[in-house]
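**Q** If it helps, the file is called my_file-v8.pdb and holds PDB, C-alpha atoms and all ligand atoms:
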ATOM      1  CA  MET A   3      -3.707 -46.529  11.686
ATOM      2  CA  THR A   4      -6.463 -44.789  13.536
ATOM      3  CA  SER A   5     -10.114 -45.252  12.780
ATOM      4  CA  PRO A   6     -13.094 -43.194  13.840
ATOM      5  CA  ALA A   7     -14.779 -44.208  17.076
ATOM      6  CA  SER A   8     -18.343 -45.497  17.266
ATOM      7  CA  GLY A   9     -17.785 -48.331  14.823
ATOM      8  CA  ALA A  10     -17.629 -46.270  11.637
ATOM      9  CA  SER A  11     -14.944 -47.296   9.211
ATOM     10  CA  LEU A  12     -12.648 -45.056   7.175
ATOM     11  CA  ALA A  13     -14.218 -46.500   4.049
ATOM     12  CA  ASP A  14     -17.465 -44.759   5.054
ATOM     13  CA  LEU A  15     -15.850 -41.312   5.070
ATOM     14  CA  PRO A  16     -16.970 -39.033   2.234
ATOM     15  CA  GLU A  17     -14.840 -38.194  -0.785
ATOM     16  CA  TYR A  18     -14.259 -34.560  -1.724
ATOM     17  CA  ALA A  19     -13.218 -32.657  -4.823
ATOM     18  CA  PRO A  20      -9.438 -32.462  -5.412
ATOM     19  CA  ILE A  21      -7.707 -29.534  -3.690
ATOM     20  CA  PRO A  22      -6.985 -26.769  -6.230
ATOM     21  CA  LYS A  23      -3.243 -26.192  -6.760
ATOM     22  CA  SER A  24      -3.731 -22.585  -5.623
ATOM     23  CA  ALA A  25      -4.652 -23.842  -2.147
ATOM     24  CA  LEU A  26      -1.403 -25.677  -1.550
ATOM     25  CA  GLY A  27       1.641 -24.195   0.157
ATOM     26  CA  VAL A  28       5.146 -24.959   1.349
ATOM     27  CA  ALA A  29       6.333 -28.319   2.667
ATOM     28  CA  PRO A  30       7.451 -28.428   6.317
ATOM     29  CA  ASN A  31      10.937 -29.834   7.054
ATOM     30  CA  GLU A  32      11.640 -33.096   8.910
ATOM     31  CA  GLN A  33      11.184 -31.284  12.218
ATOM     32  CA  GLY A  34       7.673 -30.265  11.114
ATOM     33  CA  TYR A  35       8.044 -26.583  10.302
ATOM     34  CA  TYR A  36       8.865 -24.227   7.465
ATOM     35  CA  VAL A  37      10.376 -20.791   8.035
ATOM     36  CA  GLY A  38      10.565 -18.251   5.229
ATOM     37  CA  ARG A  39      11.418 -14.611   4.706
ATOM     38  CA  VAL A  40       8.445 -12.322   4.079
ATOM     39  CA  GLU A  41      10.562  -9.214   3.488
ATOM     40  CA  ARG A  42      13.940  -8.163   4.925
ATOM     41  CA  ASN A  43      13.998  -9.165   8.616
ATOM     42  CA  LEU A  44      10.338 -10.255   8.837
ATOM     43  CA  TYR A  45       9.827 -14.050   8.737
ATOM     44  CA  TRP A  46       6.846 -16.380   8.857
ATOM     45  CA  VAL A  47       6.665 -19.900  10.278
ATOM     46  CA  THR A  48       4.127 -22.590   9.452
ATOM     47  CA  ASP A  49       3.513 -26.244  10.240
ATOM     48  CA  GLY A  50       1.248 -26.358   7.173
ATOM     49  CA  VAL A  51      -1.922 -25.532   9.096
ATOM     50  CA  TYR A  52      -1.000 -22.720  11.531
ATOM     51  CA  GLN A  53       1.168 -19.632  11.028
ATOM     52  CA  ALA A  54       3.202 -17.291  13.247
ATOM     53  CA  ALA A  55       5.680 -14.511  12.416
ATOM     54  CA  PHE A  56       8.798 -12.929  13.871
ATOM     55  CA  LEU A  57      10.948  -9.895  13.346
ATOM     56  CA  THR A  58      14.677 -10.010  14.031
ATOM     57  CA  THR A  59      16.065  -6.690  15.291
ATOM     58  CA  ALA A  60      19.259  -5.295  16.787
ATOM     59  CA  GLU A  61      17.583  -5.445  20.213
ATOM     60  CA  GLY A  62      16.110  -8.946  19.998
ATOM     61  CA  VAL A  63      13.317 -10.900  18.362
ATOM     62  CA  VAL A  64       9.671  -9.800  18.275
ATOM     63  CA  LEU A  65       7.367 -12.830  18.018
ATOM     64  CA  PHE A  66       3.803 -12.565  16.758
ATOM     65  CA  ASP A  67       1.577 -15.425  17.984
ATOM     66  CA  ALA A  68       2.655 -18.814  19.305
ATOM     67  CA  PRO A  69       0.353 -21.579  18.029
ATOM     68  CA  PRO A  70       0.799 -24.694  20.186
ATOM     69  CA  SER A  71       0.859 -26.866  17.052
ATOM     70  CA  ILE A  72       4.144 -25.149  16.086
ATOM     71  CA  GLY A  73       5.212 -24.950  19.751
ATOM     72  CA  HIS A  74       8.945 -25.410  20.335
ATOM     73  CA  ASN A  75       9.564 -25.301  16.586
ATOM     74  CA  LEU A  76       9.113 -21.518  16.893
ATOM     75  CA  GLN A  77      12.424 -21.206  18.739
ATOM     76  CA  ARG A  78      14.051 -23.668  16.315
ATOM     77  CA  ALA A  79      12.924 -21.498  13.392
ATOM     78  CA  ILE A  80      14.192 -18.363  15.149
ATOM     79  CA  ASP A  81      17.525 -20.069  15.962
ATOM     80  CA  GLU A  82      17.919 -21.094  12.325
ATOM     81  CA  ILE A  83      17.353 -17.559  10.993
ATOM     82  CA  ALA A  84      19.316 -15.804  13.753
ATOM     83  CA  ALA A  85      22.337 -18.030  13.056
ATOM     84  CA  GLU A  86      22.128 -17.331   9.304
ATOM     85  CA  ASP A  87      21.747 -13.576   9.819
ATOM     86  CA  GLY A  88      24.169 -13.321  12.752
ATOM     87  CA  VAL A  89      21.613 -11.663  15.057
ATOM     88  CA  SER A  90      20.203 -12.356  18.517
ATOM     89  CA  ASN A  91      17.844 -15.327  18.858
ATOM     90  CA  THR A  92      16.331 -14.040  22.110
ATOM     91  CA  VAL A  93      12.621 -13.265  22.030
ATOM     92  CA  THR A  94      12.259  -9.925  23.825
ATOM     93  CA  HIS A  95       8.732  -8.995  22.715
ATOM     94  CA  PHE A  96       5.607 -11.086  22.139
ATOM     95  CA  VAL A  97       2.407  -9.861  20.457
ATOM     96  CA  TYR A  98      -0.988 -11.590  20.721
ATOM     97  CA  SER A  99      -3.157 -11.296  17.587
ATOM     98  CA  HIS A 100      -6.138 -12.343  19.731
ATOM     99  CA  HIS A 101      -6.765 -14.426  22.848
ATOM    100  CA  HIS A 102      -7.532 -17.831  21.277
ATOM    101  CA  HIS A 103      -5.468 -20.758  22.519
ATOM    102  CA  ASP A 104      -4.849 -22.222  19.071
ATOM    103  CA  HIS A 105      -2.825 -19.104  18.137
ATOM    104  CA  GLY A 106      -1.306 -18.174  21.511
ATOM    105  CA  GLY A 107      -1.231 -21.355  23.573
ATOM    106  CA  ALA A 108       2.575 -21.691  23.385
ATOM    107  CA  ALA A 109       3.220 -18.102  24.550
ATOM    108  CA  SER A 110       4.501 -19.245  27.945
ATOM    109  CA  ILE A 111       7.439 -21.026  26.271
ATOM    110  CA  PHE A 112       8.929 -17.534  25.932
ATOM    111  CA  ASP A 113       9.156 -16.840  29.622
ATOM    112  CA  GLY A 114      12.322 -14.807  29.991
ATOM    113  CA  ASN A 115      12.341 -11.054  30.191
ATOM    114  CA  VAL A 116       9.623 -10.830  27.536
ATOM    115  CA  VAL A 117       7.394  -7.798  27.054
ATOM    116  CA  ARG A 118       3.946  -9.078  26.115
ATOM    117  CA  ILE A 119       1.662  -6.832  24.106
ATOM    118  CA  GLY A 120      -2.013  -7.232  23.280
ATOM    119  CA  HIS A 121      -5.372  -5.544  23.047
ATOM    120  CA  GLU A 122      -7.000  -4.631  26.381
ATOM    121  CA  GLU A 123      -9.814  -7.074  25.611
ATOM    122  CA  THR A 124      -7.221  -9.817  25.051
ATOM    123  CA  ARG A 125      -5.941  -9.149  28.580
ATOM    124  CA  ARG A 126      -9.473  -9.230  29.997
ATOM    125  CA  LEU A 127     -10.336 -12.500  28.240
ATOM    126  CA  LEU A 128      -7.044 -14.149  29.221
ATOM    127  CA  LEU A 129      -7.608 -13.142  32.857
ATOM    128  CA  ARG A 130     -11.076 -14.689  32.577
ATOM    129  CA  ASP A 131      -9.839 -17.937  31.045
ATOM    130  CA  GLY A 132      -6.867 -18.345  33.404
ATOM    131  CA  ASP A 133      -4.625 -20.478  31.195
ATOM    132  CA  PRO A 134      -0.999 -20.578  32.376
ATOM    133  CA  GLY A 135       0.038 -21.267  28.762
ATOM    134  CA  ARG A 136      -1.108 -17.772  27.793
ATOM    135  CA  PRO A 137       0.326 -15.188  30.210
ATOM    136  CA  VAL A 138      -1.634 -11.916  30.100
ATOM    137  CA  PRO A 139      -0.098  -9.008  28.158
ATOM    138  CA  ASP A 140       1.645  -6.366  30.289
ATOM    139  CA  VAL A 141       1.307  -3.692  27.608
ATOM    140  CA  THR A 142      -2.237  -3.154  26.352
ATOM    141  CA  PHE A 143      -3.986  -0.656  24.112
ATOM    142  CA  ALA A 144      -7.536   0.300  23.180
ATOM    143  CA  ASP A 145      -7.358   1.534  19.578
ATOM    144  CA  THR A 146      -3.812   1.759  18.250
ATOM    145  CA  TYR A 147      -0.298   1.074  19.456
ATOM    146  CA  THR A 148       3.042   1.619  17.743
ATOM    147  CA  LEU A 149       5.614  -0.976  18.706
ATOM    148  CA  GLU A 150       9.166   0.255  18.222
ATOM    149  CA  VAL A 151      11.971  -2.237  18.697
ATOM    150  CA  GLY A 152      15.508  -1.948  17.338
ATOM    151  CA  GLY A 153      14.571   0.717  14.814
ATOM    152  CA  GLU A 154      11.558  -1.236  13.471
ATOM    153  CA  HIS A 155       7.985   0.041  13.612
ATOM    154  CA  VAL A 156       4.918  -2.156  13.835
ATOM    155  CA  GLU A 157       1.442  -0.647  13.928
ATOM    156  CA  LEU A 158      -1.160  -2.530  15.977
ATOM    157  CA  ALA A 159      -4.813  -1.533  15.614
ATOM    158  CA  TRP A 160      -8.219  -2.646  16.790
ATOM    159  CA  HIS A 161     -11.113  -1.831  14.440
ATOM    160  CA  GLY A 162     -13.964  -3.548  16.282
ATOM    161  CA  PRO A 163     -14.899  -7.177  16.917
ATOM    162  CA  ASN A 164     -14.817  -9.691  14.061
ATOM    163  CA  HIS A 165     -13.603 -13.304  14.409
ATOM    164  CA  SER A 166     -13.182 -12.610  18.129
ATOM    165  CA  PRO A 167     -13.894  -9.468  20.172
ATOM    166  CA  ASP A 168     -10.156  -8.693  20.422
ATOM    167  CA  ASN A 169      -8.746  -9.636  16.999
ATOM    168  CA  ILE A 170      -6.275  -6.944  15.881
ATOM    169  CA  TYR A 171      -4.626  -5.790  12.638
ATOM    170  CA  ILE A 172      -0.818  -5.929  12.742
ATOM    171  CA  HIS A 173       0.728  -3.746  10.050
ATOM    172  CA  PHE A 174       4.397  -3.818   9.104
ATOM    173  CA  PRO A 175       4.741  -0.616   7.051
ATOM    174  CA  GLY A 176       8.434  -1.221   6.435
ATOM    175  CA  HIS A 177       7.792  -4.776   5.185
ATOM    176  CA  ASP A 178       4.763  -4.282   2.915
ATOM    177  CA  THR A 179       2.893  -6.800   5.099
ATOM    178  CA  LEU A 180      -0.276  -7.142   7.151
ATOM    179  CA  MET A 181      -0.853  -9.860   9.747
ATOM    180  CA  PHE A 182      -4.557 -10.452  10.375
ATOM    181  CA  ILE A 183      -5.608 -13.810  11.734
ATOM    182  CA  ASP A 184      -8.574 -16.159  11.336
ATOM    183  CA  VAL A 185     -10.686 -14.267   8.815
ATOM    184  CA  VAL A 186      -9.319 -15.067   5.336
ATOM    185  CA  ASN A 187      -7.870 -18.517   4.595
ATOM    186  CA  ALA A 188      -5.820 -18.143   1.410
ATOM    187  CA  GLY A 189      -7.225 -20.524  -1.190
ATOM    188  CA  TRP A 190      -9.588 -22.230   1.262
ATOM    189  CA  VAL A 191     -13.128 -21.623   2.513
ATOM    190  CA  PRO A 192     -13.665 -20.645   6.153
ATOM    191  CA  ILE A 193     -14.313 -23.653   8.380
ATOM    192  CA  TYR A 194     -17.577 -24.060  10.325
ATOM    193  CA  ASN A 195     -19.692 -21.004  11.168
ATOM    194  CA  VAL A 196     -17.748 -18.225   9.421
ATOM    195  CA  ASN A 197     -14.421 -19.615  10.654
ATOM    196  CA  LEU A 198     -15.756 -20.027  14.202
ATOM    197  CA  SER A 199     -16.346 -16.299  14.453
ATOM    198  CA  GLU A 200     -18.353 -14.451  17.063
ATOM    199  CA  ASP A 201     -19.375 -11.222  15.312
ATOM    200  CA  VAL A 202     -20.730 -12.019  11.865
ATOM    201  CA  ILE A 203     -21.209  -8.422  10.670
ATOM    202  CA  GLY A 204     -17.712  -7.582  11.949
ATOM    203  CA  TYR A 205     -16.308 -10.683  10.230
ATOM    204  CA  MET A 206     -17.936  -9.790   6.916
ATOM    205  CA  GLY A 207     -16.620  -6.221   7.043
ATOM    206  CA  ALA A 208     -13.085  -7.046   8.171
ATOM    207  CA  PRO A 209     -11.545  -7.902   4.757
ATOM    208  CA  ALA A 210     -12.363  -4.405   3.453
ATOM    209  CA  ILE A 211     -10.587  -2.920   6.486
ATOM    210  CA  ALA A 212      -7.598  -5.190   5.800
ATOM    211  CA  LEU A 213      -7.526  -4.047   2.162
ATOM    212  CA  ASP A 214      -7.508  -0.388   3.280
ATOM    213  CA  TYR A 215      -3.946  -0.935   4.489
ATOM    214  CA  PRO A 216      -1.114  -0.860   1.975
ATOM    215  CA  TRP A 217       0.453  -4.330   1.768
ATOM    216  CA  THR A 218       1.499  -7.051  -0.649
ATOM    217  CA  HIS A 219       1.805  -9.989   1.803
ATOM    218  CA  LEU A 220      -0.876 -11.104   4.264
ATOM    219  CA  ILE A 221      -0.031 -13.435   7.143
ATOM    220  CA  SER A 222      -3.488 -14.910   7.713
ATOM    221  CA  GLY A 223      -2.722 -17.387  10.492
ATOM    222  CA  HIS A 224      -3.593 -20.585   8.639
ATOM    223  CA  LEU A 225      -2.373 -23.015   6.011
ATOM    224  CA  GLY A 226       0.807 -23.240   4.046
ATOM    225  CA  ARG A 227       1.222 -20.007   2.155
ATOM    226  CA  LEU A 228       0.974 -16.264   2.540
ATOM    227  CA  ALA A 229      -2.126 -14.574   1.166
ATOM    228  CA  THR A 230      -2.335 -11.980  -1.585
ATOM    229  CA  ARG A 231      -4.797  -9.153  -2.141
ATOM    230  CA  ASP A 232      -6.448 -11.379  -4.781
ATOM    231  CA  ASP A 233      -7.011 -14.057  -2.111
ATOM    232  CA  VAL A 234      -8.799 -11.503   0.043
ATOM    233  CA  ALA A 235     -10.922 -10.358  -2.922
ATOM    234  CA  LEU A 236     -11.900 -13.974  -3.706
ATOM    235  CA  HIS A 237     -12.839 -14.554  -0.053
ATOM    236  CA  GLN A 238     -14.943 -11.371  -0.135
ATOM    237  CA  GLN A 239     -16.743 -12.608  -3.259
ATOM    238  CA  TYR A 240     -17.483 -15.979  -1.599
ATOM    239  CA  ILE A 241     -18.962 -14.233   1.455
ATOM    240  CA  ALA A 242     -20.882 -11.736  -0.699
ATOM    241  CA  ASP A 243     -22.331 -14.605  -2.731
ATOM    242  CA  ILE A 244     -23.446 -16.342   0.472
ATOM    243  CA  GLU A 245     -25.026 -13.128   1.734
ATOM    244  CA  ALA A 246     -26.905 -12.535  -1.535
ATOM    245  CA  SER A 247     -28.015 -16.166  -1.713
ATOM    246  CA  ALA A 248     -29.179 -16.135   1.913
ATOM    247  CA  ARG A 249     -31.158 -12.950   1.292
ATOM    248  CA  GLU A 250     -32.830 -14.525  -1.738
ATOM    249  CA  ALA A 251     -33.649 -17.743   0.113
ATOM    250  CA  LEU A 252     -35.057 -15.907   3.139
ATOM    251  CA  ALA A 253     -37.411 -14.011   0.862
ATOM    252  CA  ALA A 254     -38.332 -17.045  -1.247
ATOM    253  CA  VAL A 255     -39.109 -19.680   1.391
ATOM    254  CA  ASN A 256     -42.510 -19.371   3.037
ATOM    255  CA  PRO A 257     -42.246 -20.466   6.709
ATOM    256  CA  VAL A 258     -45.975 -20.960   7.282
ATOM    257  CA  PRO A 259     -46.326 -24.516   5.899
ATOM    258  CA  PHE A 260     -43.513 -25.762   8.173
ATOM    259  CA  TYR A 261     -45.229 -24.387  11.302
ATOM    260  CA  MET A 262     -48.590 -25.723  10.139
ATOM    261  CA  HIS A 263     -47.040 -29.151   9.597
ATOM    262  CA  TYR A 264     -45.453 -29.391  13.064
ATOM    263  CA  GLY A 265     -48.304 -27.758  14.987
ATOM    264  CA  GLU A 266     -47.475 -27.308  18.664
ATOM    265  CA  ASN A 267     -43.829 -28.404  18.216
ATOM    266  CA  PHE A 268     -42.693 -24.860  17.423
ATOM    267  CA  TRP A 269     -38.992 -25.729  17.429
ATOM    268  CA  ALA A 270     -39.530 -28.421  14.802
ATOM    269  CA  GLY A 271     -41.175 -25.750  12.646
ATOM    270  CA  VAL A 272     -38.204 -23.405  13.194
ATOM    271  CA  LYS A 273     -35.753 -26.147  12.202
ATOM    272  CA  ALA A 274     -37.628 -27.167   9.061
ATOM    273  CA  HIS A 275     -37.954 -23.554   7.936
ATOM    274  CA  LEU A 276     -34.355 -22.468   8.611
ATOM    275  CA  ASP A 277     -32.839 -25.708   7.297
ATOM    276  CA  THR A 278     -34.780 -25.269   4.065
ATOM    277  CA  VAL A 279     -33.570 -21.667   3.711
ATOM    278  CA  THR A 280     -29.980 -22.746   4.433
ATOM    279  CA  GLU A 281     -30.013 -25.587   1.899
ATOM    280  CA  ARG A 282     -31.457 -23.347  -0.813
ATOM    281  CA  ALA A 283     -28.919 -20.588  -0.078
ATOM    282  CA  ALA A 284     -25.830 -22.789   0.205
ATOM    283  CA  ALA A 285     -26.339 -25.061  -2.832
ATOM    284  CA  PRO A 286     -25.394 -22.551  -5.590
ATOM    285  CA  VAL A 287     -22.399 -21.310  -3.570
ATOM    286  CA  ILE A 288     -21.070 -24.846  -3.060
ATOM    287  CA  ALA A 289     -21.460 -25.477  -6.808
ATOM    288  CA  LYS A 290     -19.748 -22.202  -7.796
ATOM    289  CA  TYR A 291     -16.704 -22.538  -5.496
ATOM    290  CA  THR A 292     -15.970 -26.268  -5.701
ATOM    291  CA  GLY A 293     -12.622 -26.455  -7.484
ATOM    292  CA  VAL A 294     -12.020 -22.726  -6.850
ATOM    293  CA  LEU A 295     -11.666 -22.592  -3.070
ATOM    294  CA  ALA A 296     -10.447 -25.754  -1.345
ATOM    295  CA  ALA A 297     -13.053 -27.601   0.716
ATOM    296  CA  ALA A 298     -16.014 -25.615  -0.642
ATOM    297  CA  ASP A 299     -17.668 -29.008  -1.143
ATOM    298  CA  ILE A 300     -17.378 -29.885   2.548
ATOM    299  CA  GLU A 301     -21.046 -29.132   2.919
ATOM    300  CA  GLU A 302     -20.941 -28.406   6.652
ATOM    301  CA  PHE A 303     -18.465 -25.588   6.069
ATOM    302  CA  THR A 304     -20.374 -23.632   3.429
ATOM    303  CA  ARG A 305     -23.705 -24.645   4.969
ATOM    304  CA  THR A 306     -22.926 -23.581   8.557
ATOM    305  CA  THR A 307     -21.320 -20.359   7.310
ATOM    306  CA  THR A 308     -24.446 -19.721   5.244
ATOM    307  CA  PHE A 309     -26.628 -20.486   8.272
ATOM    308  CA  GLN A 310     -24.655 -18.056  10.424
ATOM    309  CA  ILE A 311     -24.778 -15.255   7.830
ATOM    310  CA  MET A 312     -28.486 -15.893   7.224
ATOM    311  CA  GLN A 313     -29.123 -15.625  10.986
ATOM    312  CA  SER A 314     -27.107 -12.400  11.126
ATOM    313  CA  LEU A 315     -29.176 -10.988   8.255
ATOM    314  CA  ARG A 316     -32.316 -11.742  10.292
ATOM    315  CA  LEU A 317     -31.095 -10.789  13.770
ATOM    316  CA  ASP A 318     -28.499  -8.064  13.231
ATOM    317  CA  ARG A 319     -29.707  -6.420  10.036
ATOM    318  CA  GLY A 320     -33.379  -7.422  10.380
ATOM    319  CA  PRO A 321     -36.149  -8.044   9.851
ATOM    320  CA  SER A 322     -36.353 -11.366  11.680
ATOM    321  CA  GLY A 323     -39.981 -11.463  10.528
ATOM    322  CA  PRO A 324     -42.952  -9.186   9.963
ATOM    323  CA  VAL A 325     -44.344  -7.038  12.791
ATOM    324  CA  HIS A 326     -47.724  -8.387  13.867
ATOM    325  CA  PRO A 327     -50.506  -6.122  12.632
TER     326      PRO A 327
HETATM  327 ZN    ZN B   1      -9.180 -17.519  16.642
END
The structure in this file should be written as structure tokens.

**A**
Amino acid sequence: MTSPASGASLADLPEYAPIPKSALGVAPNEQGYYVGRVERNLYWVTDGVYQAAFLTTAEGVVLFDAPPSIGHNLQRAIDEIAAEDGVSNTVTHFVYSHHHHDHGGAASIFDGNVVRIGHEETRRLLLRDGDPGRPVPDVTFADTYTLEVGGEHVELAWHGPNHSPDNIYIHFPGHDTLMFIDVVNAGWVPIYNVNLSEDVIGYMGAPAIALDYPWTHLISGHLGRLATRDDVALHQQYIADIEASAREALAAVNPVPFYMHYGENFWAGVKAHLDTVTERAAAPVIAKYTGVLAAADIEEFTRTTTFQIMQSLRLDRGPSGPVHP
């Protein structure tokens, strides 16, 4: 048993609403992974929290992402499928969805004669961060790239920054599938701060771009099941509700009394004002989605996402405040 540091006991931890059935996914095997067919020779792997994908071809295996939490189970999953299908289990190509360690940190496990492919910004960020676990891609692209291996076609595309500056859309036109990581969590709310995303406007617009592609299955990078178009639509509604609620709260809450109250401590005035706006905006969203999206009642998640969207409404869209007369 582990217990939280700093003297707190597990009994003090908060209780949350039950997880909706729709949020739950597959059960990992004894080794800690699940591998399943998406369509034909496209497979997905999960440990229950992270997801990767691979394509078996006549020329070798193309691997998409290598989360360290799945780690060496990626090769075990590939071995299992390759043995069943009687095809090569050698990873010959590796594609980065984006530069983050939690999705690519086991890339260096595949260190043979592997062609690594990624967005040019992924290469730049990986060179900056200098992690030997994530070798830089040799093949890069700016807007689109068609990967052709063993008669299979995969379309890679960058449509602007969203979760990260380099997060790409990976379309499998022959498999009715899109892989797009860290924006939509099927059946679950985004975690802190719009799923730890850097470009809020880009994050909010990304699901519509994903839906512009034809697909039935979405590999979203997290949790224990594939996503559907309905999952993306529900996520969009959650974000749209936060945006509308934040807009209403920004207009409704008068900042002046908070600044008057705190006088020369300007930052205390800022905090009181913005915290009040955030609480007002988040409360109806938490109430609406508890029991619909898992973890909507983890207040920090809906609240920090609301805070981030509210800040983006002020700073990106504007106005941040009235222009002094
Ligand atoms: Zn990420």

**Q** Once the PyMOL selection byres (((not hetatm)) within 8 of (chain B and resi 1)) is applied to the coordinates I shared, what remains selected? I want it as a compact mmCIF listing (two decimals) with C-alpha atoms, keeping the file's coordinate frame.

**A**
# COMPACT_ATOMS: atom_id res chain seq x y z
CA HIS A 100 -6.14 -12.34 19.73
CA HIS A 101 -6.76 -14.43 22.85
CA HIS A 102 -7.53 -17.83 21.28
CA HIS A 103 -5.47 -20.76 22.52
CA ASP A 104 -4.85 -22.22 19.07
CA HIS A 105 -2.82 -19.10 18.14
CA HIS A 165 -13.60 -13.30 14.41
CA SER A 166 -13.18 -12.61 18.13
CA ASN A 169 -8.75 -9.64 17.00
CA ILE A 183 -5.61 -13.81 11.73
CA ASP A 184 -8.57 -16.16 11.34
CA LEU A 198 -15.76 -20.03 14.20
CA SER A 199 -16.35 -16.30 14.45

**Q** If the PyMOL selection byres (((chain A and resi 57) around 12) and not hetatm) were run on this exact file, what residues would it hold? Put them as number ranges by chain.

**A** A: 38-47, 54-56, 58-67, 79-80, 83-84, 87, 89-97, 149-156, 174, 176-177, 179

**Q** Residues at most 12 Å from Ala212 in chain A, counting only C-alpha atoms, excluding those fewer than 4 positions away in the same chain, as a PyMOL selection string?

**A** chain A and resi 159-161+164+170-173+179-183+185-186+205-208+216-222+229-231+233-235+238

**Q** How many Å lie between CA of Asn195 in chain A and CA of Gln310 in chain A, rounded to one decimal?

**A**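 Taking CA of Asn195 in chain A as the start and CA of Gln310 in chain A as the end point, the length is 5.8 Å.
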
**Q** Run the PyMOL selection byres (((chain A and resi 138) around 9) and not hetatm) on the file and write out the hits as a list in words.

**A**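 That expression, the PyMOL selection byres (((chain A and resi 138) around 9) and not hetatm), corresponds here to Arg118, Ile119, Gly120, Thr124, Arg125, Arg126, Leu127, Leu128, Leu129, Gly132, Pro134, Arg136, Pro137, Pro139 and Asp140 of chain A.
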
**Q** Using the selection just defined, write its residues with C-alpha atoms as a PDB file, in the coordinates of the input.

**A**
ATOM      1  CA  ARG A 118       3.946  -9.078  26.115  1.00  0.00           C
ATOM      2  CA  ILE A 119       1.662  -6.832  24.106  1.00  0.00           C
ATOM      3  CA  GLY A 120      -2.013  -7.232  23.280  1.00  0.00           C
ATOM      4  CA  THR A 124      -7.221  -9.817  25.051  1.00  0.00           C
ATOM      5  CA  ARG A 125      -5.941  -9.149  28.580  1.00  0.00           C
ATOM      6  CA  ARG A 126      -9.473  -9.230  29.997  1.00  0.00           C
ATOM      7  CA  LEU A 127     -10.336 -12.500  28.240  1.00  0.00           C
ATOM      8  CA  LEU A 128      -7.044 -14.149  29.221  1.00  0.00           C
ATOM      9  CA  LEU A 129      -7.608 -13.142  32.857  1.00  0.00           C
ATOM     10  CA  GLY A 132      -6.867 -18.345  33.404  1.00  0.00           C
ATOM     11  CA  PRO A 134      -0.999 -20.578  32.376  1.00  0.00           C
ATOM     12  CA  ARG A 136      -1.108 -17.772  27.793  1.00  0.00           C
ATOM     13  CA  PRO A 137       0.326 -15.188  30.210  1.00  0.00           C
ATOM     14  CA  PRO A 139      -0.098  -9.008  28.158  1.00  0.00           C
ATOM     15  CA  ASP A 140       1.645  -6.366  30.289  1.00  0.00           C
TER      16      ASP A 140
END

**Q** Go ahead and compute the interatomic distance for CA of Gly88 in chain A and CA of Asn75 in chain A, in Å to one decimal.

**A**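 Distance between the two atoms: 19.3 Å.
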
**Q** A:Ala210, A:Glu123, A:Leu225, A:Asp145: which is nearest Gly27 in chain A, counting all atoms listed in the file?

**A**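 Counting all atoms listed in the file, the residue closest to Gly27 in chain A is A:Leu225.
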
**Q** With all atoms listed in the file as the atoms that count, which of A:Pro70, A:Thr306, A:Arg78, A:Asp168 lies nearest to Ala108 in chain A?

**A**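 Using all atoms listed in the file, Ala108 in chain A sits closest to A:Pro70.
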
**Q** Do you have, as CSV, the list of residues of range 211-309 of chain A lying at most 12 Å from range 188-191 of chain A, each with its nearest atom pair and that distance in Å to one decimal, counting only C-alpha atoms and ordered by chain then number?

**A**
residue,atom,partner,partner_atom,distance
A:His219,CA,A:Ala188,CA,11.2
A:Leu220,CA,A:Ala188,CA,9.1
A:Ile221,CA,A:Ala188,CA,9.4
A:Ser222,CA,A:Ala188,CA,7.5
A:Gly223,CA,A:Ala188,CA,9.6
A:His224,CA,A:Ala188,CA,7.9
A:Leu225,CA,A:Ala188,CA,7.5
A:Gly226,CA,A:Ala188,CA,8.8
A:Arg227,CA,A:Ala188,CA,7.3
A:Leu228,CA,A:Ala188,CA,7.1
A:Ala229,CA,A:Ala188,CA,5.1
A:Thr230,CA,A:Ala188,CA,7.7
A:Arg231,CA,A:Ala188,CA,9.7
A:Asp232,CA,A:Ala188,CA,9.2
A:Asp233,CA,A:Ala188,CA,5.5
A:Val234,CA,A:Ala188,CA,7.4
A:Ala235,CA,A:Ala188,CA,10.3
A:Leu236,CA,A:Gly189,CA,8.4
A:His237,CA,A:Val191,CA,7.5
A:Gln238,CA,A:Val191,CA,10.7
A:Gln239,CA,A:Val191,CA,11.3
A:Tyr240,CA,A:Val191,CA,8.2
A:Ile241,CA,A:Val191,CA,9.5
A:Ile244,CA,A:Val191,CA,11.8
A:Val287,CA,A:Val191,CA,11.1
A:Ile288,CA,A:Val191,CA,10.2
A:Tyr291,CA,A:Val191,CA,8.8
A:Thr292,CA,A:Val191,CA,9.9
A:Gly293,CA,A:Trp190,CA,10.2
A:Val294,CA,A:Gly189,CA,7.7
A:Leu295,CA,A:Trp190,CA,4.8
A:Ala296,CA,A:Trp190,CA,4.5
A:Ala297,CA,A:Val191,CA,6.2
A:Ala298,CA,A:Val191,CA,5.8
A:Asp299,CA,A:Val191,CA,9.4
A:Ile300,CA,A:Val191,CA,9.3
A:Glu301,CA,A:Val191,CA,10.9
A:Glu302,CA,A:Val191,CA,11.1
A:Phe303,CA,A:Val191,CA,7.5
A:Thr304,CA,A:Val191,CA,7.6
A:Arg305,CA,A:Val191,CA,11.3
A:Thr306,CA,A:Val191,CA,11.7
A:Thr307,CA,A:Val191,CA,9.6
A:Thr308,CA,A:Val191,CA,11.8

**Q** To one decimal in Å, tell me the separation between CA of His275 in chain A and CA of Ile203 in chain A.

**A**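 If I compute the distance from CA of His275 in chain A to CA of Ile203 in chain A, I get 22.7 Å.
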
**Q** Could you give me, as CSV, a per-residue list for range 181-282 of chain A showing, wherever an atom lies at most 12 Å from an atom of range 316-327 of chain A, the closest pair of atoms and their distance in Å to one decimal, using only C-alpha atoms and sorting by chain then residue number from low to high?

**A**
residue,atom,partner,partner_atom,distance
A:Asp201,CA,A:Asp318,CA,9.9
A:Val202,CA,A:Asp318,CA,8.8
A:Ile203,CA,A:Asp318,CA,7.7
A:Gly204,CA,A:Asp318,CA,10.9
A:Glu245,CA,A:Arg316,CA,11.3
A:Ala248,CA,A:Arg316,CA,10.0
A:Arg249,CA,A:Arg316,CA,9.2
A:Ala251,CA,A:Arg316,CA,11.9
A:Leu252,CA,A:Arg316,CA,8.7
A:Ala253,CA,A:Gly323,CA,10.3
A:Asn256,CA,A:Gly323,CA,11.2
A:Pro257,CA,A:Gly323,CA,10.0
A:Val258,CA,A:Gly323,CA,11.7
A:Leu276,CA,A:Arg316,CA,11.0
A:Val279,CA,A:Arg316,CA,12.0
